[in-house]
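Colleague: There's a structure below that I have some questions on.
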Amino acid sequence: MKKMNISLIGVPLDYGQSRRGVDMGPSAIRYAGAVNRLKAIGHTLKDEGDVQVSAVERKEREVAKLKNLEEVVQATTELANRVAKVVEKGNFPLVLGGDHSIAIGTIAGLTAKYKNLGVIWYDAHVDMNTSETSPSGNIHGMPLAVLMGRGHERLVNIFKEGQKVKPENIVIIGARSVDPGERELIKALGIKVFTMHEIDRDGMTSVMKEAIDYLKAKNLDGVHLSLDLDGLDPLYTPGVGTPVPGGISYRESHLAMEMLEDSGLITSAEFVEVNPILDERNKTADVAVGLMGSLLGEKLL
């Protein structure tokens, strides 16, 4: 892999969901050796520090059925501005979460450079709810809908107005928990989804090849990887807030990252939902760092 200038940004945000602790995810990933691991590959890496997140006493305020809307808007807006500066300098943004609502800011900021962006959503969930369909009101279950221009206008219009990614430029990998409203939206928009059924039936090699070929045919100017650690089976990543049994294995995930690295498609990435309070001896953060290594060119030989 070509050596890159990587800008690392932490987002200690836990307001997109209801379980405390995921705000410590960026620190746990750094503690697991992310910086040294990526430097050892040969990349130049600058740790840009953390986005500032409101530290007021947590009260689950609801606005239009959305929990903690103000806090999520504030943090994701700052993140979008910082990501925009990173890509305008030509650096590779590597964002550490925090809950998955941070993807609203990450991908919004990427549009400063990429006008036809592709997204790989590696996750047990499809995160395509809106306030009308969400059973919880948690914004971490809504970022993909928001990024396609659906949902509360304060979220949809972060950084710039409207849609940030086209539905046909999205590939979801590892889905196994889909709400009824999300299922309807997937069918209506024709979004490419590889559930655990396809992974079990066809194998990860086949799924990733099809996903890569699908995106390569789209004439994209960039592809972002948004990886939720609950995409893996909780056997390997116990430190996540919404674990779903029957997920992708540790080795399958490394293979997926290695194939993405070989493809040369990925121009930015984020790793989210590491919750040290729920973890076992930082196991989930260690997995996150290992997957970053495979994505960014670490080889056995």
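Chain lettering (A, B, ...) mirrors the order of the structure tokens, residue numbering begins at 1 for each chain separately, and ligand numbering begins at 1 in order of display.
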Could you list, as a list of chain:residue names, every residue within 9 Å of Leu295 of chain A, counting only C-alpha atoms and ignoring same-chain residues fewer than 4 positions away?

Modeller: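 Final neighbour list, sorted by chain and number: A:His254, A:Ala256, A:Met257, A:Glu258, A:Met259, A:Leu260, A:Glu261, A:Asp262, A:Ile266, A:Gly290, A:Leu291.
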
Colleague: May I have the residues from that selection written out with N, CA, C and O atoms, as a JSON list (two decimals), in the first residue's frame?

Modeller:
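Below is the file result-v4.json, written as the result:
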[["chain", "number", "residue", "atom", "x", "y", "z"],
["A", 254, "HIS", "N", -10.91, -9.51, 9.17],
["A", 254, "HIS", "CA", -9.56, -9.20, 8.67],
["A", 254, "HIS", "C", -9.48, -9.43, 7.16],
["A", 254, "HIS", "O", -8.87, -8.63, 6.44],
["A", 256, "ALA", "N", -11.91, -9.17, 5.03],
["A", 256, "ALA", "CA", -12.64, -8.06, 4.40],
["A", 256, "ALA", "C", -11.77, -6.81, 4.33],
["A", 256, "ALA", "O", -11.70, -6.14, 3.29],
["A", 257, "MET", "N", -11.06, -6.50, 5.42],
["A", 257, "MET", "CA", -10.19, -5.32, 5.44],
["A", 257, "MET", "C", -9.03, -5.49, 4.45],
["A", 257, "MET", "O", -8.64, -4.54, 3.75],
["A", 258, "GLU", "N", -8.46, -6.70, 4.41],
["A", 258, "GLU", "CA", -7.35, -6.95, 3.48],
["A", 258, "GLU", "C", -7.79, -6.80, 2.03],
["A", 258, "GLU", "O", -7.05, -6.27, 1.20],
["A", 259, "MET", "N", -8.99, -7.26, 1.73],
["A", 259, "MET", "CA", -9.50, -7.12, 0.36],
["A", 259, "MET", "C", -9.78, -5.66, 0.01],
["A", 259, "MET", "O", -9.54, -5.22, -1.12],
["A", 260, "LEU", "N", -10.25, -4.89, 0.98],
["A", 260, "LEU", "CA", -10.45, -3.46, 0.74],
["A", 260, "LEU", "C", -9.11, -2.77, 0.50],
["A", 260, "LEU", "O", -9.00, -1.89, -0.37],
["A", 261, "GLU", "N", -8.11, -3.15, 1.27],
["A", 261, "GLU", "CA", -6.78, -2.56, 1.06],
["A", 261, "GLU", "C", -6.26, -2.90, -0.33],
["A", 261, "GLU", "O", -5.74, -2.03, -1.04],
["A", 262, "ASP", "N", -6.41, -4.14, -0.74],
["A", 262, "ASP", "CA", -5.96, -4.56, -2.06],
["A", 262, "ASP", "C", -6.70, -3.82, -3.18],
["A", 262, "ASP", "O", -6.13, -3.56, -4.24],
["A", 266, "ILE", "N", -10.46, 2.61, -0.65],
["A", 266, "ILE", "CA", -10.80, 3.34, 0.58],
["A", 266, "ILE", "C", -9.99, 4.63, 0.70],
["A", 266, "ILE", "O", -8.77, 4.62, 0.66],
["A", 290, "GLY", "N", -6.43, -3.90, 15.28],
["A", 290, "GLY", "CA", -6.00, -4.93, 14.34],
["A", 290, "GLY", "C", -6.65, -4.77, 12.97],
["A", 290, "GLY", "O", -5.99, -4.91, 11.94],
["A", 291, "LEU", "N", -7.94, -4.45, 12.96],
["A", 291, "LEU", "CA", -8.65, -4.25, 11.70],
["A", 291, "LEU", "C", -8.14, -3.00, 10.97],
["A", 291, "LEU", "O", -8.03, -3.00, 9.74]]

Colleague: Give the strand (DSSP E or B) residues of segment 64-269 of chain A, as DSSP finds them on the backbone, and put them as number ranges by chain.

Modeller: A: 66-67, 92-97, 117-122, 125, 170-175, 177, 192-195, 222-228, 232, 248, 266-269

Colleague: Just list as a PyMOL selection string whatever in segment 85-287 of chain A DSSP marks as alpha helix (DSSP H).

Modeller: chain A and resi 85-88+103-110+143-147+153-156+180-189+196-202+204-216+250-263+283-287

Colleague: For Ala112 of chain A, which residue out of A:Lys3, A:Gly222, A:Ile172, A:Val156 is the nearest one, using only C-alpha atoms?

Modeller: A:Gly222

Colleague: Go ahead and compute the interatomic distance for atom CA of Tyr214 of chain A and atom CA of His197 of chain A, in Å to one decimal.

Modeller: 18.7 Å

Colleague: Show me, as an MDAnalysis selection string, the residues that have an atom within 9 Å of Val72 of chain A when counting only C-alpha atoms, minus same-chain residues fewer than 2 positions from it.

Modeller: chainID A and resid 13:16 53 67:70 74:77 101:102 139 155

Colleague: For all heavy atoms, I'd like the residues from the last selection saved as a short mmCIF file (atom, residue, chain, number, x, y, z; two decimals), in the first residue's frame.

Modeller:
data_model
loop_
_atom_site.label_atom_id
_atom_site.label_comp_id
_atom_site.auth_asym_id
_atom_site.auth_seq_id
_atom_site.Cartn_x
_atom_site.Cartn_y
_atom_site.Cartn_z
N LEU A 13 -18.20 10.89 21.78
CA LEU A 13 -19.63 11.20 21.80
C LEU A 13 -20.44 9.98 22.20
O LEU A 13 -20.31 8.92 21.59
CB LEU A 13 -20.08 11.68 20.41
CG LEU A 13 -21.55 12.05 20.26
CD1 LEU A 13 -21.88 13.32 21.03
CD2 LEU A 13 -21.92 12.22 18.79
N ASP A 14 -21.29 10.13 23.22
CA ASP A 14 -22.18 9.04 23.60
C ASP A 14 -23.64 9.47 23.63
O ASP A 14 -24.50 8.73 24.09
CB ASP A 14 -21.77 8.42 24.94
CG ASP A 14 -21.98 9.35 26.14
OD1 ASP A 14 -22.30 10.55 25.93
OD2 ASP A 14 -21.82 8.89 27.28
N TYR A 15 -23.93 10.65 23.11
CA TYR A 15 -25.29 11.17 23.15
C TYR A 15 -26.21 10.56 22.09
O TYR A 15 -27.42 10.76 22.13
CB TYR A 15 -25.28 12.69 22.99
CG TYR A 15 -24.81 13.43 24.21
CD1 TYR A 15 -23.54 13.99 24.26
CD2 TYR A 15 -25.64 13.58 25.32
CE1 TYR A 15 -23.11 14.67 25.38
CE2 TYR A 15 -25.22 14.25 26.45
CZ TYR A 15 -23.95 14.81 26.48
OH TYR A 15 -23.52 15.48 27.59
N GLY A 16 -25.65 9.83 21.13
CA GLY A 16 -26.48 9.23 20.09
C GLY A 16 -27.18 7.97 20.51
O GLY A 16 -27.98 7.41 19.76
N VAL A 53 -16.89 17.65 23.06
CA VAL A 53 -18.28 17.24 23.22
C VAL A 53 -18.81 17.83 24.51
O VAL A 53 -18.11 17.85 25.53
CB VAL A 53 -18.39 15.70 23.25
CG1 VAL A 53 -19.84 15.26 23.50
CG2 VAL A 53 -17.89 15.11 21.93
N LYS A 67 -33.52 11.94 20.83
CA LYS A 67 -32.82 12.14 22.09
C LYS A 67 -31.51 12.90 21.86
O LYS A 67 -30.75 12.58 20.96
CB LYS A 67 -32.53 10.80 22.76
CG LYS A 67 -33.78 10.06 23.21
CD LYS A 67 -33.44 8.70 23.80
CE LYS A 67 -34.70 7.95 24.21
NZ LYS A 67 -34.39 6.58 24.69
N ASN A 68 -31.29 13.92 22.69
CA ASN A 68 -30.00 14.66 22.71
C ASN A 68 -29.65 15.26 21.35
O ASN A 68 -28.48 15.26 20.94
CB ASN A 68 -28.88 13.73 23.18
CG ASN A 68 -29.20 13.03 24.48
OD1 ASN A 68 -29.63 13.66 25.44
ND2 ASN A 68 -29.00 11.73 24.52
N LEU A 69 -30.63 15.80 20.66
CA LEU A 69 -30.39 16.36 19.33
C LEU A 69 -29.35 17.47 19.36
O LEU A 69 -28.44 17.50 18.51
CB LEU A 69 -31.71 16.89 18.75
CG LEU A 69 -31.60 17.59 17.40
CD1 LEU A 69 -31.13 16.63 16.31
CD2 LEU A 69 -32.95 18.22 17.01
N GLU A 70 -29.45 18.38 20.31
CA GLU A 70 -28.53 19.53 20.35
C GLU A 70 -27.08 19.07 20.49
O GLU A 70 -26.18 19.58 19.81
CB GLU A 70 -28.89 20.46 21.51
CG GLU A 70 -30.22 21.16 21.35
CD GLU A 70 -30.23 22.12 20.16
OE1 GLU A 70 -29.15 22.64 19.80
OE2 GLU A 70 -31.31 22.32 19.58
N GLN A 74 -24.11 19.57 17.69
CA GLN A 74 -22.90 20.34 18.02
C GLN A 74 -21.64 19.54 17.72
O GLN A 74 -20.71 20.03 17.05
CB GLN A 74 -22.92 20.73 19.51
CG GLN A 74 -21.69 21.45 20.00
CD GLN A 74 -20.63 20.51 20.58
OE1 GLN A 74 -20.95 19.55 21.28
NE2 GLN A 74 -19.36 20.78 20.29
N ALA A 75 -21.59 18.29 18.16
CA ALA A 75 -20.38 17.48 17.99
C ALA A 75 -20.16 17.11 16.53
O ALA A 75 -19.02 17.18 16.02
CB ALA A 75 -20.47 16.22 18.85
N THR A 76 -21.21 16.72 15.83
CA THR A 76 -21.04 16.29 14.44
C THR A 76 -20.73 17.48 13.52
O THR A 76 -20.04 17.32 12.51
CB THR A 76 -22.26 15.52 13.93
OG1 THR A 76 -23.45 16.28 14.16
CG2 THR A 76 -22.39 14.19 14.65
N THR A 77 -21.21 18.65 13.86
CA THR A 77 -20.87 19.84 13.08
C THR A 77 -19.39 20.16 13.22
O THR A 77 -18.70 20.43 12.21
CB THR A 77 -21.72 21.04 13.53
OG1 THR A 77 -23.10 20.77 13.30
CG2 THR A 77 -21.32 22.30 12.76
N SER A 101 -23.56 7.81 15.56
CA SER A 101 -24.09 9.08 15.07
C SER A 101 -22.97 9.97 14.54
O SER A 101 -23.23 10.88 13.75
CB SER A 101 -24.87 9.81 16.16
OG SER A 101 -24.02 10.25 17.21
N ILE A 102 -21.72 9.70 14.91
CA ILE A 102 -20.61 10.54 14.44
C ILE A 102 -20.45 10.45 12.92
O ILE A 102 -19.89 11.36 12.31
CB ILE A 102 -19.28 10.20 15.13
CG1 ILE A 102 -18.71 8.86 14.66
CG2 ILE A 102 -19.42 10.24 16.64
CD1 ILE A 102 -17.29 8.60 15.10
N ILE A 139 -30.21 8.60 18.07
CA ILE A 139 -29.76 9.07 16.76
C ILE A 139 -28.70 8.15 16.16
O ILE A 139 -28.52 8.13 14.94
CB ILE A 139 -29.26 10.53 16.87
CG1 ILE A 139 -30.44 11.43 17.28
CG2 ILE A 139 -28.67 11.03 15.55
CD1 ILE A 139 -30.05 12.87 17.56
N LEU A 155 -30.12 17.77 11.36
CA LEU A 155 -29.13 16.73 11.08
C LEU A 155 -28.82 16.65 9.59
O LEU A 155 -27.66 16.58 9.19
CB LEU A 155 -29.65 15.37 11.58
CG LEU A 155 -29.87 15.23 13.09
CD1 LEU A 155 -30.63 13.96 13.40
CD2 LEU A 155 -28.55 15.27 13.84
#

Colleague: To one decimal place in Å, what is the distance between atom CA of Thr111 of chain A and atom CA of Arg37 of chain A?

Modeller: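 Taking atom CA of Thr111 of chain A as the start and atom CA of Arg37 of chain A as the end point, the length is 28.3 Å.
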
Colleague: Counting only C-alpha atoms, what is within 10 Å of Ile6 of chain A, bar same-chain residues fewer than 6 positions away, as a ChimeraX atom specification?

Modeller: /A:35,38-39,43-48,86,90-94,268

Colleague: In Å, rounded to a single decimal, give me how far atom CA of Phe194 of chain A is from atom CA of Asn169 of chain A.

Modeller: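 We find that atom CA of Asn169 of chain A and atom CA of Phe194 of chain A lie 14.0 Å from each other.
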
Colleague: Measuring atom to atom with only C-alpha atoms, identify which of A:Gly141, A:Pro243, A:Gly118, A:Gly293 is nearest to Glu168 of chain A.

Modeller: A:Gly118

Colleague: Nearest to Ala84 of chain A: which of A:Ser131, A:Ser54, A:Ser7, A:Ser263 is it, counting only C-alpha atoms?

Modeller: A:Ser7

Colleague: What's the 12 Å shell around Leu117 of chain A, counting only C-alpha atoms, without same-chain residues fewer than 5 positions away, as a PDB file with N, CA and C atoms, in the first residue's frame?

Modeller:
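As written to disk, result.pdb reads:
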ATOM      1  N   ILE A 107     -18.990  11.966   7.303  1.00  0.00           N
ATOM      2  CA  ILE A 107     -19.317  11.907   5.880  1.00  0.00           C
ATOM      3  C   ILE A 107     -19.715  13.279   5.347  1.00  0.00           C
ATOM      4  N   ALA A 108     -20.350  14.093   6.169  1.00  0.00           N
ATOM      5  CA  ALA A 108     -20.643  15.468   5.740  1.00  0.00           C
ATOM      6  C   ALA A 108     -19.344  16.207   5.429  1.00  0.00           C
ATOM      7  N   GLY A 109     -18.347  16.071   6.294  1.00  0.00           N
ATOM      8  CA  GLY A 109     -17.068  16.737   6.060  1.00  0.00           C
ATOM      9  C   GLY A 109     -16.351  16.232   4.826  1.00  0.00           C
ATOM     10  N   LEU A 110     -16.511  14.949   4.510  1.00  0.00           N
ATOM     11  CA  LEU A 110     -15.855  14.387   3.325  1.00  0.00           C
ATOM     12  C   LEU A 110     -16.367  15.022   2.034  1.00  0.00           C
ATOM     13  N   THR A 111     -17.596  15.534   2.058  1.00  0.00           N
ATOM     14  CA  THR A 111     -18.152  16.125   0.838  1.00  0.00           C
ATOM     15  C   THR A 111     -17.458  17.431   0.456  1.00  0.00           C
ATOM     16  N   ALA A 112     -16.591  17.942   1.316  1.00  0.00           N
ATOM     17  CA  ALA A 112     -15.781  19.100   0.939  1.00  0.00           C
ATOM     18  C   ALA A 112     -14.860  18.765  -0.227  1.00  0.00           C
ATOM     19  N   LEU A 147     -27.844  10.892   6.123  1.00  0.00           N
ATOM     20  CA  LEU A 147     -26.869  11.162   5.057  1.00  0.00           C
ATOM     21  C   LEU A 147     -27.488  11.032   3.670  1.00  0.00           C
ATOM     22  N   MET A 148     -28.596  10.299   3.570  1.00  0.00           N
ATOM     23  CA  MET A 148     -29.327  10.233   2.306  1.00  0.00           C
ATOM     24  C   MET A 148     -30.367  11.338   2.181  1.00  0.00           C
ATOM     25  N   GLN A 163     -28.714  15.976   0.948  1.00  0.00           N
ATOM     26  CA  GLN A 163     -28.137  14.640   0.815  1.00  0.00           C
ATOM     27  C   GLN A 163     -26.617  14.693   0.676  1.00  0.00           C
ATOM     28  N   LYS A 164     -25.932  13.803   1.394  1.00  0.00           N
ATOM     29  CA  LYS A 164     -24.472  13.722   1.321  1.00  0.00           C
ATOM     30  C   LYS A 164     -23.995  12.497   0.531  1.00  0.00           C
ATOM     31  N   VAL A 165     -24.828  11.477   0.466  1.00  0.00           N
ATOM     32  CA  VAL A 165     -24.449  10.259  -0.259  1.00  0.00           C
ATOM     33  C   VAL A 165     -25.691   9.688  -0.949  1.00  0.00           C
ATOM     34  N   LYS A 166     -25.513   9.240  -2.182  1.00  0.00           N
ATOM     35  CA  LYS A 166     -26.628   8.683  -2.944  1.00  0.00           C
ATOM     36  C   LYS A 166     -26.906   7.251  -2.480  1.00  0.00           C
ATOM     37  N   PRO A 167     -28.162   6.856  -2.409  1.00  0.00           N
ATOM     38  CA  PRO A 167     -28.487   5.481  -1.985  1.00  0.00           C
ATOM     39  C   PRO A 167     -27.782   4.415  -2.807  1.00  0.00           C
ATOM     40  N   GLU A 168     -27.640   4.659  -4.107  1.00  0.00           N
ATOM     41  CA  GLU A 168     -27.013   3.655  -4.969  1.00  0.00           C
ATOM     42  C   GLU A 168     -25.505   3.556  -4.765  1.00  0.00           C
ATOM     43  N   ASN A 169     -24.922   4.458  -3.977  1.00  0.00           N
ATOM     44  CA  ASN A 169     -23.479   4.425  -3.697  1.00  0.00           C
ATOM     45  C   ASN A 169     -23.159   3.801  -2.337  1.00  0.00           C
ATOM     46  N   ILE A 170     -24.148   3.179  -1.726  1.00  0.00           N
ATOM     47  CA  ILE A 170     -23.984   2.590  -0.395  1.00  0.00           C
ATOM     48  C   ILE A 170     -23.985   1.067  -0.494  1.00  0.00           C
ATOM     49  N   VAL A 171     -23.071   0.442   0.257  1.00  0.00           N
ATOM     50  CA  VAL A 171     -23.078  -1.017   0.422  1.00  0.00           C
ATOM     51  C   VAL A 171     -23.047  -1.312   1.922  1.00  0.00           C
ATOM     52  N   LEU A 215     -19.032  -1.140  -6.339  1.00  0.00           N
ATOM     53  CA  LEU A 215     -18.607   0.247  -6.138  1.00  0.00           C
ATOM     54  C   LEU A 215     -17.676   0.721  -7.247  1.00  0.00           C
ATOM     55  N   LYS A 216     -16.834  -0.163  -7.736  1.00  0.00           N
ATOM     56  CA  LYS A 216     -15.921   0.234  -8.819  1.00  0.00           C
ATOM     57  C   LYS A 216     -16.686   0.634 -10.075  1.00  0.00           C
ATOM     58  N   LYS A 218     -19.278   2.427 -10.187  1.00  0.00           N
ATOM     59  CA  LYS A 218     -20.068   3.630  -9.931  1.00  0.00           C
ATOM     60  C   LYS A 218     -19.355   4.930 -10.293  1.00  0.00           C
ATOM     61  N   ASN A 219     -18.126   4.861 -10.756  1.00  0.00           N
ATOM     62  CA  ASN A 219     -17.373   6.082 -11.084  1.00  0.00           C
ATOM     63  C   ASN A 219     -17.285   7.029  -9.888  1.00  0.00           C
ATOM     64  N   LEU A 220     -16.949   6.485  -8.729  1.00  0.00           N
ATOM     65  CA  LEU A 220     -16.854   7.250  -7.487  1.00  0.00           C
ATOM     66  C   LEU A 220     -15.520   7.984  -7.415  1.00  0.00           C
ATOM     67  N   ASP A 221     -15.503   9.104  -6.700  1.00  0.00           N
ATOM     68  CA  ASP A 221     -14.231   9.800  -6.484  1.00  0.00           C
ATOM     69  C   ASP A 221     -13.651   9.525  -5.103  1.00  0.00           C
ATOM     70  N   GLY A 222     -14.346   8.736  -4.284  1.00  0.00           N
ATOM     71  CA  GLY A 222     -13.840   8.332  -2.980  1.00  0.00           C
ATOM     72  C   GLY A 222     -14.770   7.290  -2.377  1.00  0.00           C
ATOM     73  N   VAL A 223     -14.247   6.472  -1.465  1.00  0.00           N
ATOM     74  CA  VAL A 223     -15.065   5.482  -0.752  1.00  0.00           C
ATOM     75  C   VAL A 223     -14.697   5.526   0.730  1.00  0.00           C
ATOM     76  N   HIS A 224     -15.708   5.697   1.567  1.00  0.00           N
ATOM     77  CA  HIS A 224     -15.529   5.767   3.010  1.00  0.00           C
ATOM     78  C   HIS A 224     -15.969   4.460   3.653  1.00  0.00           C
ATOM     79  N   LEU A 225     -15.163   3.946   4.574  1.00  0.00           N
ATOM     80  CA  LEU A 225     -15.529   2.778   5.370  1.00  0.00           C
ATOM     81  C   LEU A 225     -16.009   3.241   6.738  1.00  0.00           C
ATOM     82  N   LEU A 265      -9.626   1.183  -2.943  1.00  0.00           N
ATOM     83  CA  LEU A 265     -10.811   2.038  -2.989  1.00  0.00           C
ATOM     84  C   LEU A 265     -10.912   3.016  -1.822  1.00  0.00           C
ATOM     85  N   ILE A 266     -10.461   2.606  -0.646  1.00  0.00           N
ATOM     86  CA  ILE A 266     -10.801   3.339   0.581  1.00  0.00           C
ATOM     87  C   ILE A 266      -9.990   4.632   0.696  1.00  0.00           C
ATOM     88  N   THR A 267     -10.713   5.746   0.891  1.00  0.00           N
ATOM     89  CA  THR A 267     -10.082   7.064   1.011  1.00  0.00           C
ATOM     90  C   THR A 267     -10.279   7.684   2.387  1.00  0.00           C
ATOM     91  N   SER A 268     -11.049   7.036   3.249  1.00  0.00           N
ATOM     92  CA  SER A 268     -11.262   7.501   4.623  1.00  0.00           C
ATOM     93  C   SER A 268     -11.924   6.373   5.395  1.00  0.00           C
TER      94      SER A 268
END

Colleague: Find the residues near Met292 of chain A: any atom within 9 Å, counting only C-alpha atoms, skip ones fewer than 4 places away on the same chain, and give them as a PDB file with N, CA, C and O atoms, in the first residue's frame.

Modeller:
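So part04.pdb came out as:
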ATOM      1  N   ALA A  34      -3.067   2.161  18.557  1.00  0.00           N
ATOM      2  CA  ALA A  34      -3.399   2.515  17.174  1.00  0.00           C
ATOM      3  C   ALA A  34      -2.300   3.338  16.510  1.00  0.00           C
ATOM      4  O   ALA A  34      -1.905   3.063  15.362  1.00  0.00           O
ATOM      5  N   ARG A  37       0.910   1.321  15.809  1.00  0.00           N
ATOM      6  CA  ARG A  37       0.622   0.241  14.857  1.00  0.00           C
ATOM      7  C   ARG A  37       0.625   0.781  13.429  1.00  0.00           C
ATOM      8  O   ARG A  37       1.208   0.174  12.524  1.00  0.00           O
ATOM      9  N   LEU A  38       0.010   1.933  13.221  1.00  0.00           N
ATOM     10  CA  LEU A  38      -0.083   2.489  11.873  1.00  0.00           C
ATOM     11  C   LEU A  38       1.229   3.128  11.436  1.00  0.00           C
ATOM     12  O   LEU A  38       1.591   3.077  10.256  1.00  0.00           O
ATOM     13  N   MET A 257     -11.061  -6.505   5.422  1.00  0.00           N
ATOM     14  CA  MET A 257     -10.191  -5.319   5.435  1.00  0.00           C
ATOM     15  C   MET A 257      -9.032  -5.489   4.454  1.00  0.00           C
ATOM     16  O   MET A 257      -8.641  -4.543   3.749  1.00  0.00           O
ATOM     17  N   ALA A 269     -11.864   6.454   6.730  1.00  0.00           N
ATOM     18  CA  ALA A 269     -12.457   5.387   7.535  1.00  0.00           C
ATOM     19  C   ALA A 269     -12.789   5.897   8.925  1.00  0.00           C
ATOM     20  O   ALA A 269     -12.192   6.859   9.424  1.00  0.00           O
ATOM     21  N   PHE A 271     -13.994   4.026  12.895  1.00  0.00           N
ATOM     22  CA  PHE A 271     -14.248   2.837  13.701  1.00  0.00           C
ATOM     23  C   PHE A 271     -15.003   3.295  14.943  1.00  0.00           C
ATOM     24  O   PHE A 271     -14.509   4.145  15.685  1.00  0.00           O
ATOM     25  N   VAL A 287      -9.249  -5.390  18.864  1.00  0.00           N
ATOM     26  CA  VAL A 287      -9.751  -5.845  17.567  1.00  0.00           C
ATOM     27  C   VAL A 287      -9.837  -4.673  16.600  1.00  0.00           C
ATOM     28  O   VAL A 287      -9.448  -4.787  15.424  1.00  0.00           O
ATOM     29  N   ALA A 288     -10.328  -3.543  17.075  1.00  0.00           N
ATOM     30  CA  ALA A 288     -10.424  -2.357  16.216  1.00  0.00           C
ATOM     31  C   ALA A 288      -9.068  -1.979  15.644  1.00  0.00           C
ATOM     32  O   ALA A 288      -8.928  -1.704  14.444  1.00  0.00           O
ATOM     33  N   LEU A 296      -5.131  -0.773   6.408  1.00  0.00           N
ATOM     34  CA  LEU A 296      -4.139   0.213   6.007  1.00  0.00           C
ATOM     35  C   LEU A 296      -2.777  -0.395   5.647  1.00  0.00           C
ATOM     36  O   LEU A 296      -1.768   0.280   5.658  1.00  0.00           O
ATOM     37  N   GLY A 297      -2.804  -1.694   5.322  1.00  0.00           N
ATOM     38  CA  GLY A 297      -1.642  -2.269   4.672  1.00  0.00           C
ATOM     39  C   GLY A 297      -0.728  -3.152   5.488  1.00  0.00           C
ATOM     40  O   GLY A 297       0.334  -3.542   5.018  1.00  0.00           O
ATOM     41  N   GLU A 298      -1.106  -3.503   6.693  1.00  0.00           N
ATOM     42  CA  GLU A 298      -0.288  -4.394   7.503  1.00  0.00           C
ATOM     43  C   GLU A 298      -0.303  -5.799   6.899  1.00  0.00           C
ATOM     44  O   GLU A 298      -1.357  -6.329   6.579  1.00  0.00           O
TER      45      GLU A 298
END

Colleague: Can you list every residue of segment 86-184 of chain A that has an atom at most 6 Å from segment 226-238 of chain A, with its nearest atom pair and the distance in Å to one decimal, using only C-alpha atoms, ordered by chain then number, as CSV?

Modeller:
residue,atom,partner,partner_atom,distance
A:Trp121,CA,A:Ser226,CA,5.1
A:Tyr122,CA,A:Leu227,CA,4.7
A:Asp123,CA,A:Gly231,CA,3.9
A:Ala124,CA,A:Gly231,CA,4.4
A:Gly174,CA,A:Gly231,CA,5.9

Colleague: Determine the nearest neighbour of Pro245 of chain A from the options A:Met196, A:Ala40, A:Leu79, A:Leu66, counting only C-alpha atoms.

Modeller: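 Checking each candidate against Pro245 of chain A, we get A:Met196 as the closest.
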